[in-house]
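Asks: Quick one: structure below, then a few questions.
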Amino acid sequence: MIDSIGPNLVILVVGLLVFAGVFLLIFLLAERTSVRTQEVLRYAVFLGPALLLLAIGLLYPAGRTIYLSFMNKQGQEFVGLDNYIWAFTTPEIQVVIRNTFVWVLVVPIFATIFGLAMAYLTDRMKFASVVKSLVFLPMAISMVGASIIWRFVYTYRPDDEQAEIGLLSAIVESFGGEPLNWLLTAPLNTFLLLTVMVWIQTGFSMVVLSAAMKAIPDEIQEAAMLDGAGQFKRFLQVTVPMIRASIVVVITTTLIGTLKVFDIVRTMTGGNFSTSVVANEMYTQAFRQLNYGTGSTLAVLLLIAIIPLIWYNIRQLRLERTER
C-alpha cells in the first residue's frame with residue numbers, strides 16, 4: 001500500500017498541473033480575443049465543468065436507467081412495457097405502491113401541521129430557542145440513527161417473564177393492555193415507521209415556518225386585533241394566509257423527501273411484513289435480486305412522481321419573486 005502512494009501522488013500532482021495549465025491557456029487566449037468571445041469563454045470556464053459533471057453524474061445515469069427499464073433481468077433483451085405492466089399488476093408491488101402513497105399522504109400533512117403548531121406556540125415563549133433546538137434536534141440525526149432509536153421504542157418481548165424494554169410496549173402494559181409485536185403487525189407497522197419521518201421533519205417545518213411568521217409585519221396583527229379578531233382567528237385568517245408560500249415550500253420539500261424514503265424502512269424492517277416502499281423495493285430488485293429491468297422500472301416511476309413536484313415548487317418560487 002505504501003509503495004502505491006508515490007505513483008498516485010505523482011498522478012495527482014500532474015493532473016492538477018494540467019488542469020491549471022488548461023485554465024491559464026484559456027485566460028491567455030481570452031485576453032487576445034474580442035469582448036463577445038471573452039464572454040463565451042467565461043461561461044465555458046465556469047459552467048463547463050459543472051455541466052460536464054452534471055451530465056456524467058445525473059443525465060447519463062438517468063438515461064441508462066430509462067433504457068434498462070425496457071430490458072430484461074440481465075439488461076440484454078428488449079421486453080417493451082413488460083416491466084411496467086409487472087409493476088402495476090403484481091400484488092406485492094401494488095402493496096409497495098400503496099404504502100408509498102400512504103407515506104406521501106400522511107407525512108407532509110402531519111409534519112407541516114406539527115411544525116406550524118410548534119412555530120406558533122413557541123413564538124413568544126420565554127425559552128423559545130431552547131424548545132426549538134430540542135424540536136429541531138432530530139434533523140441532526142441521520143435517518144439510520146433515528147430508525148435505531150425508534151426500533152428500541154417498538155421493541156417487543158414475547159416472553160411474559162421478561163420485562164418489556166420497548167417504550168411503547170411498556171406504556172401499553174402499564175395501562176393493562178397487551179403489547180403487540182409492533183413491527184410485524186400490518187398495516188399498523190407502516191404508520192409506526194412513518195411516525196419516525198414525521199418526528200424528523202417536524203423540526204424542519206417549525207424552523208422554516210417560524211422564520212416566515214417573524215417576517216409578518218406587526219401592524220397587520222395589530223390591525224386585526226383592533227377589528228376584534230381573537231388569537232385563534234388571527235392565526236387562521238392572518239398568519240396562515242401570510243405564510244402560504246412557505247407552507248407550500250415545506251409541504252413539497254417534505255413530500256419529495258418522503259417519496260424517496262429508504263433508510264427508515266431498510267433499517268427497521270428491511271421492507272418485510274408489508275412495509276416496503278418504492279425506493280426500498282427498487283434497491284431490493286436491482287441489488288439483491290439482480291433484476292436490473294424491474295429495479296430500473298421502479299426508479300423511473302419514482303422519477304416520474306417527483307418531477308411534477310419539483311416543477312410546482314419552482315413555479316411557486318417564481319411567482320413569489322414576481323409578487324415581490
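The chains in the C-alpha cells are called A, B, ... from first to last as shown; in each chain the residues are counted from 1, and the ligands are counted from 1 in the order shown.
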Which residues, written as a ChimeraX atom specification, have at least one atom at most 12 Å from stretch 188-193 of chain A, with only C-alpha atoms counted and residues fewer than 2 positions away on the same chain left out?
Replies: /A:95-96,98-107,110,143,146-151,153-155,168,180-186,195-200,258,261-277
Asks: Can you list every residue of stretch 13-122 of chain A that has an atom at most 7 Å from stretch 293-297 of chain A, with its nearest atom pair and the distance in Å to one decimal, using only C-alpha atoms, ordered by chain then number, as JSON lines?
Replies:
{"residue": "A:Thr65", "atom": "CA", "partner": "A:Ser296", "partner_atom": "CA", "distance": 5.3}
{"residue": "A:Ile66", "atom": "CA", "partner": "A:Ser296", "partner_atom": "CA", "distance": 6.8}
{"residue": "A:Leu68", "atom": "CA", "partner": "A:Gly293", "partner_atom": "CA", "distance": 5.4}
{"residue": "A:Ser69", "atom": "CA", "partner": "A:Thr297", "partner_atom": "CA", "distance": 4.5}
{"residue": "A:Phe70", "atom": "CA", "partner": "A:Gly293", "partner_atom": "CA", "distance": 6.6}
{"residue": "A:Met71", "atom": "CA", "partner": "A:Gly293", "partner_atom": "CA", "distance": 5.4}
{"residue": "A:Asn72", "atom": "CA", "partner": "A:Gly293", "partner_atom": "CA", "distance": 5.2}
{"residue": "A:Lys73", "atom": "CA", "partner": "A:Gly293", "partner_atom": "CA", "distance": 5.0}
{"residue": "A:Gly75", "atom": "CA", "partner": "A:Gly293", "partner_atom": "CA", "distance": 6.2}
{"residue": "A:Asn83", "atom": "CA", "partner": "A:Thr294", "partner_atom": "CA", "distance": 5.6}
{"residue": "A:Tyr84", "atom": "CA", "partner": "A:Thr297", "partner_atom": "CA", "distance": 6.4}
Asks: Export, as a PDB file, in the first residue's frame, the selected residues with N, CA, C and O atoms.
Replies:
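As a result, result-v1.pdb now contains:
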ATOM      1  N   THR A  65     -30.879   4.356 -16.866  1.00  0.00           N
ATOM      2  CA  THR A  65     -31.935   3.727 -16.084  1.00  0.00           C
ATOM      3  C   THR A  65     -33.219   3.587 -16.902  1.00  0.00           C
ATOM      4  O   THR A  65     -33.890   2.548 -16.860  1.00  0.00           O
ATOM      5  N   ILE A  66     -33.559   4.647 -17.647  1.00  0.00           N
ATOM      6  CA  ILE A  66     -34.752   4.572 -18.506  1.00  0.00           C
ATOM      7  C   ILE A  66     -34.585   3.486 -19.567  1.00  0.00           C
ATOM      8  O   ILE A  66     -35.516   2.719 -19.861  1.00  0.00           O
ATOM      9  N   LEU A  68     -32.711   0.732 -19.335  1.00  0.00           N
ATOM     10  CA  LEU A  68     -32.775  -0.585 -18.695  1.00  0.00           C
ATOM     11  C   LEU A  68     -34.190  -0.961 -18.280  1.00  0.00           C
ATOM     12  O   LEU A  68     -34.500  -2.144 -18.139  1.00  0.00           O
ATOM     13  N   SER A  69     -35.056   0.040 -18.072  1.00  0.00           N
ATOM     14  CA  SER A  69     -36.426  -0.272 -17.662  1.00  0.00           C
ATOM     15  C   SER A  69     -37.213  -0.980 -18.763  1.00  0.00           C
ATOM     16  O   SER A  69     -38.269  -1.561 -18.494  1.00  0.00           O
ATOM     17  N   PHE A  70     -36.718  -0.927 -19.997  1.00  0.00           N
ATOM     18  CA  PHE A  70     -37.368  -1.621 -21.120  1.00  0.00           C
ATOM     19  C   PHE A  70     -36.651  -2.928 -21.472  1.00  0.00           C
ATOM     20  O   PHE A  70     -36.973  -3.548 -22.481  1.00  0.00           O
ATOM     21  N   MET A  71     -35.680  -3.320 -20.629  1.00  0.00           N
ATOM     22  CA  MET A  71     -34.898  -4.522 -20.906  1.00  0.00           C
ATOM     23  C   MET A  71     -35.243  -5.623 -19.908  1.00  0.00           C
ATOM     24  O   MET A  71     -35.934  -5.393 -18.914  1.00  0.00           O
ATOM     25  N   ASN A  72     -34.732  -6.804 -20.158  1.00  0.00           N
ATOM     26  CA  ASN A  72     -34.996  -7.947 -19.283  1.00  0.00           C
ATOM     27  C   ASN A  72     -34.130  -7.895 -18.030  1.00  0.00           C
ATOM     28  O   ASN A  72     -33.444  -6.894 -17.770  1.00  0.00           O
ATOM     29  N   LYS A  73     -34.132  -8.973 -17.271  1.00  0.00           N
ATOM     30  CA  LYS A  73     -33.440  -9.027 -15.981  1.00  0.00           C
ATOM     31  C   LYS A  73     -31.967  -8.700 -16.115  1.00  0.00           C
ATOM     32  O   LYS A  73     -31.404  -7.962 -15.299  1.00  0.00           O
ATOM     33  N   GLY A  75     -30.624  -7.058 -18.595  1.00  0.00           N
ATOM     34  CA  GLY A  75     -30.433  -5.845 -19.374  1.00  0.00           C
ATOM     35  C   GLY A  75     -29.896  -6.100 -20.762  1.00  0.00           C
ATOM     36  O   GLY A  75     -29.241  -5.236 -21.342  1.00  0.00           O
ATOM     37  N   ASN A  83     -42.059  -4.692 -17.957  1.00  0.00           N
ATOM     38  CA  ASN A  83     -41.663  -4.330 -16.592  1.00  0.00           C
ATOM     39  C   ASN A  83     -42.660  -3.370 -15.953  1.00  0.00           C
ATOM     40  O   ASN A  83     -42.945  -3.464 -14.749  1.00  0.00           O
ATOM     41  N   TYR A  84     -43.213  -2.458 -16.750  1.00  0.00           N
ATOM     42  CA  TYR A  84     -44.198  -1.517 -16.225  1.00  0.00           C
ATOM     43  C   TYR A  84     -45.521  -2.224 -15.933  1.00  0.00           C
ATOM     44  O   TYR A  84     -46.198  -1.903 -14.942  1.00  0.00           O
TER      45      TYR A  84
END
Asks: Closest to A:Lys214 among A:Glu164, A:Gln76, A:Gln94, A:Met242, using only C-alpha atoms?
Replies: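 Result for the nearest residue to A:Lys214: A:Met242.
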Asks: What is the distance, in Å and to one decimal place, between atom CA of A:Val248 and atom CA of A:Ala229?
Replies: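 It comes out at 25.3 Å.
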Asks: Out of stretch 63-141 of chain A, which residues get helix (DSSP H, G or I) from DSSP, as a compact mmCIF listing (two decimals) with C-alpha atoms, in the first residue's frame?
Replies:
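New file result.txt:
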# COMPACT_ATOMS: atom_id res chain seq x y z
CA GLY A 63 -30.85 7.86 -19.43
CA ARG A 64 -29.26 4.49 -18.69
CA THR A 65 -31.94 3.73 -16.08
CA ILE A 66 -34.75 4.57 -18.51
CA TYR A 67 -33.12 2.35 -21.13
CA LEU A 68 -32.77 -0.58 -18.70
CA ASP A 82 -43.49 -5.75 -19.61
CA ASN A 83 -41.66 -4.33 -16.59
CA TYR A 84 -44.20 -1.52 -16.23
CA ILE A 85 -47.09 -3.97 -16.53
CA TRP A 86 -45.37 -6.08 -13.85
CA ALA A 87 -45.13 -3.04 -11.56
CA PHE A 88 -48.87 -2.33 -11.69
CA THR A 89 -50.23 -5.89 -11.77
CA PRO A 91 -49.87 -7.92 -5.86
CA GLU A 92 -46.65 -7.45 -3.88
CA ILE A 93 -45.70 -4.34 -5.87
CA GLN A 94 -49.24 -2.99 -5.52
CA VAL A 95 -48.73 -3.15 -1.74
CA VAL A 96 -45.44 -1.26 -2.19
CA ILE A 97 -47.15 1.46 -4.24
CA ARG A 98 -49.99 1.66 -1.73
CA ASN A 99 -47.53 2.07 1.14
CA THR A 100 -45.68 4.81 -0.74
CA PHE A 101 -48.97 6.62 -1.33
CA VAL A 102 -49.78 6.42 2.40
CA TRP A 103 -46.34 7.85 3.26
CA VAL A 104 -46.75 10.69 0.75
CA LEU A 105 -50.24 11.50 2.01
CA VAL A 106 -49.62 11.35 5.77
CA VAL A 107 -46.05 12.54 6.41
CA PRO A 108 -46.13 16.01 4.72
CA ILE A 109 -49.53 16.86 6.23
CA PHE A 110 -48.71 15.90 9.82
CA ALA A 111 -45.12 17.19 9.71
CA THR A 112 -46.38 20.57 8.47
CA ILE A 113 -49.24 20.74 10.98
CA PHE A 114 -46.98 19.86 13.93
CA GLY A 115 -44.25 22.22 12.70
CA LEU A 116 -46.77 25.05 12.26
CA ALA A 117 -48.20 24.45 15.73
CA MET A 118 -44.76 24.39 17.34
CA ALA A 119 -43.68 27.54 15.49
CA TYR A 120 -46.79 29.43 16.61
CA LEU A 121 -46.81 28.19 20.23
CA ALA A 128 -38.26 29.57 22.77
CA SER A 129 -34.73 28.97 21.46
CA VAL A 130 -34.22 26.01 23.81
CA VAL A 131 -37.54 24.42 22.88
CA LYS A 132 -36.95 24.95 19.17
CA SER A 133 -33.48 23.43 19.45
CA LEU A 134 -34.94 20.30 21.06
CA VAL A 135 -37.63 20.01 18.38
CA PHE A 136 -35.08 20.57 15.62
CA LEU A 137 -32.60 18.09 17.14
CA PRO A 138 -33.95 15.03 15.22
CA MET A 139 -32.93 16.77 11.97
CA ALA A 140 -29.32 16.48 13.13
Asks: One decimal, in Å: what's the spacing between atom CA of A:Gln237 and atom CA of A:Ile256?
Replies: 28.2 Å
Asks: Report, in Å to a single decimal, how far apart atom CA of A:Thr252 and atom CA of A:Tyr312 are.
Replies: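 Pair atom CA of A:Tyr312 / atom CA of A:Thr252 returns 8.3 Å.
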Asks: So, with only C-alpha atoms as the atoms that count, which of A:Pro61, A:Asp218, A:Leu28, A:Gly230 lies closest to A:Leu41?
Replies: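 Ranked by minimum distance to A:Leu41, first place goes to A:Leu28.
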Asks: Residues at most 10 Å from A:Arg234, counting only C-alpha atoms, excluding those fewer than 3 positions away in the same chain, as a PyMOL selection string?
Replies: chain A and resi 220-222+224-225+228-231+237-240
Asks: Export all heavy atoms of the chosen residues as a PDB file, in the first residue's frame?
Replies:
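See again_9.pdb below for the written result:
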ATOM      1  N   ILE A 220     -50.011  44.464  10.799  1.00  0.00           N
ATOM      2  CA  ILE A 220     -51.130  43.657  10.315  1.00  0.00           C
ATOM      3  C   ILE A 220     -51.809  42.940  11.485  1.00  0.00           C
ATOM      4  O   ILE A 220     -53.044  42.895  11.571  1.00  0.00           O
ATOM      5  CB  ILE A 220     -50.632  42.634   9.269  1.00  0.00           C
ATOM      6  CG1 ILE A 220     -50.072  43.363   8.048  1.00  0.00           C
ATOM      7  CG2 ILE A 220     -51.750  41.690   8.849  1.00  0.00           C
ATOM      8  CD1 ILE A 220     -49.504  42.452   6.989  1.00  0.00           C
ATOM      9  N   GLN A 221     -51.001  42.388  12.386  1.00  0.00           N
ATOM     10  CA  GLN A 221     -51.567  41.720  13.558  1.00  0.00           C
ATOM     11  C   GLN A 221     -52.321  42.713  14.446  1.00  0.00           C
ATOM     12  O   GLN A 221     -53.407  42.414  14.971  1.00  0.00           O
ATOM     13  CB  GLN A 221     -50.443  41.048  14.363  1.00  0.00           C
ATOM     14  CG  GLN A 221     -49.698  39.940  13.640  1.00  0.00           C
ATOM     15  CD  GLN A 221     -50.498  38.653  13.557  1.00  0.00           C
ATOM     16  OE1 GLN A 221     -51.637  38.576  14.016  1.00  0.00           O
ATOM     17  NE2 GLN A 221     -49.908  37.637  12.943  1.00  0.00           N
ATOM     18  N   GLU A 222     -51.752  43.908  14.610  1.00  0.00           N
ATOM     19  CA  GLU A 222     -52.395  44.923  15.445  1.00  0.00           C
ATOM     20  C   GLU A 222     -53.705  45.392  14.824  1.00  0.00           C
ATOM     21  O   GLU A 222     -54.696  45.632  15.533  1.00  0.00           O
ATOM     22  CB  GLU A 222     -51.454  46.100  15.641  1.00  0.00           C
ATOM     23  CG  GLU A 222     -50.228  45.756  16.482  1.00  0.00           C
ATOM     24  CD  GLU A 222     -49.182  46.853  16.472  1.00  0.00           C
ATOM     25  OE1 GLU A 222     -49.420  47.881  15.784  1.00  0.00           O
ATOM     26  OE2 GLU A 222     -48.137  46.694  17.126  1.00  0.00           O
ATOM     27  N   ALA A 224     -55.677  43.591  12.951  1.00  0.00           N
ATOM     28  CA  ALA A 224     -56.641  42.506  13.170  1.00  0.00           C
ATOM     29  C   ALA A 224     -57.158  42.525  14.612  1.00  0.00           C
ATOM     30  O   ALA A 224     -58.342  42.261  14.862  1.00  0.00           O
ATOM     31  CB  ALA A 224     -55.985  41.161  12.853  1.00  0.00           C
ATOM     32  N   MET A 225     -56.291  42.843  15.577  1.00  0.00           N
ATOM     33  CA  MET A 225     -56.717  42.938  16.982  1.00  0.00           C
ATOM     34  C   MET A 225     -57.705  44.081  17.170  1.00  0.00           C
ATOM     35  O   MET A 225     -58.699  43.946  17.886  1.00  0.00           O
ATOM     36  CB  MET A 225     -55.500  43.147  17.881  1.00  0.00           C
ATOM     37  CG  MET A 225     -54.587  41.939  17.997  1.00  0.00           C
ATOM     38  SD  MET A 225     -53.126  42.249  19.006  1.00  0.00           S
ATOM     39  CE  MET A 225     -53.880  42.613  20.594  1.00  0.00           C
ATOM     40  N   GLY A 228     -61.163  43.340  16.365  1.00  0.00           N
ATOM     41  CA  GLY A 228     -61.841  42.422  17.264  1.00  0.00           C
ATOM     42  C   GLY A 228     -61.544  40.957  17.034  1.00  0.00           C
ATOM     43  O   GLY A 228     -62.221  40.091  17.600  1.00  0.00           O
ATOM     44  N   ALA A 229     -60.542  40.650  16.224  1.00  0.00           N
ATOM     45  CA  ALA A 229     -60.206  39.250  15.959  1.00  0.00           C
ATOM     46  C   ALA A 229     -59.454  38.656  17.141  1.00  0.00           C
ATOM     47  O   ALA A 229     -58.509  39.257  17.653  1.00  0.00           O
ATOM     48  CB  ALA A 229     -59.353  39.152  14.695  1.00  0.00           C
ATOM     49  N   GLY A 230     -59.895  37.474  17.578  1.00  0.00           N
ATOM     50  CA  GLY A 230     -59.220  36.778  18.666  1.00  0.00           C
ATOM     51  C   GLY A 230     -57.929  36.131  18.187  1.00  0.00           C
ATOM     52  O   GLY A 230     -57.588  36.167  16.998  1.00  0.00           O
ATOM     53  N   GLN A 231     -57.211  35.496  19.118  1.00  0.00           N
ATOM     54  CA  GLN A 231     -55.917  34.905  18.781  1.00  0.00           C
ATOM     55  C   GLN A 231     -56.047  33.790  17.752  1.00  0.00           C
ATOM     56  O   GLN A 231     -55.279  33.731  16.792  1.00  0.00           O
ATOM     57  CB  GLN A 231     -55.243  34.376  20.057  1.00  0.00           C
ATOM     58  CG  GLN A 231     -53.806  33.931  19.850  1.00  0.00           C
ATOM     59  CD  GLN A 231     -53.107  33.608  21.157  1.00  0.00           C
ATOM     60  OE1 GLN A 231     -53.722  33.654  22.220  1.00  0.00           O
ATOM     61  NE2 GLN A 231     -51.838  33.287  21.098  1.00  0.00           N
ATOM     62  N   GLN A 237     -56.810  33.523   9.884  1.00  0.00           N
ATOM     63  CA  GLN A 237     -57.146  34.480   8.834  1.00  0.00           C
ATOM     64  C   GLN A 237     -56.037  35.474   8.510  1.00  0.00           C
ATOM     65  O   GLN A 237     -56.119  36.169   7.488  1.00  0.00           O
ATOM     66  CB  GLN A 237     -58.416  35.246   9.224  1.00  0.00           C
ATOM     67  CG  GLN A 237     -59.636  34.343   9.380  1.00  0.00           C
ATOM     68  CD  GLN A 237     -60.906  35.115   9.669  1.00  0.00           C
ATOM     69  OE1 GLN A 237     -60.898  36.348   9.761  1.00  0.00           O
ATOM     70  NE2 GLN A 237     -62.004  34.400   9.823  1.00  0.00           N
ATOM     71  N   VAL A 238     -55.008  35.534   9.352  1.00  0.00           N
ATOM     72  CA  VAL A 238     -53.906  36.464   9.085  1.00  0.00           C
ATOM     73  C   VAL A 238     -52.587  35.712   8.920  1.00  0.00           C
ATOM     74  O   VAL A 238     -51.916  35.808   7.885  1.00  0.00           O
ATOM     75  CB  VAL A 238     -53.780  37.515  10.218  1.00  0.00           C
ATOM     76  CG1 VAL A 238     -52.584  38.429   9.951  1.00  0.00           C
ATOM     77  CG2 VAL A 238     -55.048  38.328  10.334  1.00  0.00           C
ATOM     78  N   THR A 239     -52.213  34.946   9.935  1.00  0.00           N
ATOM     79  CA  THR A 239     -50.903  34.287   9.928  1.00  0.00           C
ATOM     80  C   THR A 239     -50.784  33.258   8.811  1.00  0.00           C
ATOM     81  O   THR A 239     -49.837  33.297   8.016  1.00  0.00           O
ATOM     82  CB  THR A 239     -50.630  33.610  11.282  1.00  0.00           C
ATOM     83  OG1 THR A 239     -50.729  34.588  12.322  1.00  0.00           O
ATOM     84  CG2 THR A 239     -49.249  32.985  11.293  1.00  0.00           C
ATOM     85  N   VAL A 240     -51.735  32.332   8.741  1.00  0.00           N
ATOM     86  CA  VAL A 240     -51.650  31.252   7.748  1.00  0.00           C
ATOM     87  C   VAL A 240     -51.655  31.790   6.317  1.00  0.00           C
ATOM     88  O   VAL A 240     -50.813  31.381   5.503  1.00  0.00           O
ATOM     89  CB  VAL A 240     -52.778  30.219   7.967  1.00  0.00           C
ATOM     90  CG1 VAL A 240     -52.806  29.193   6.831  1.00  0.00           C
ATOM     91  CG2 VAL A 240     -52.591  29.503   9.303  1.00  0.00           C
TER      92      VAL A 240
END
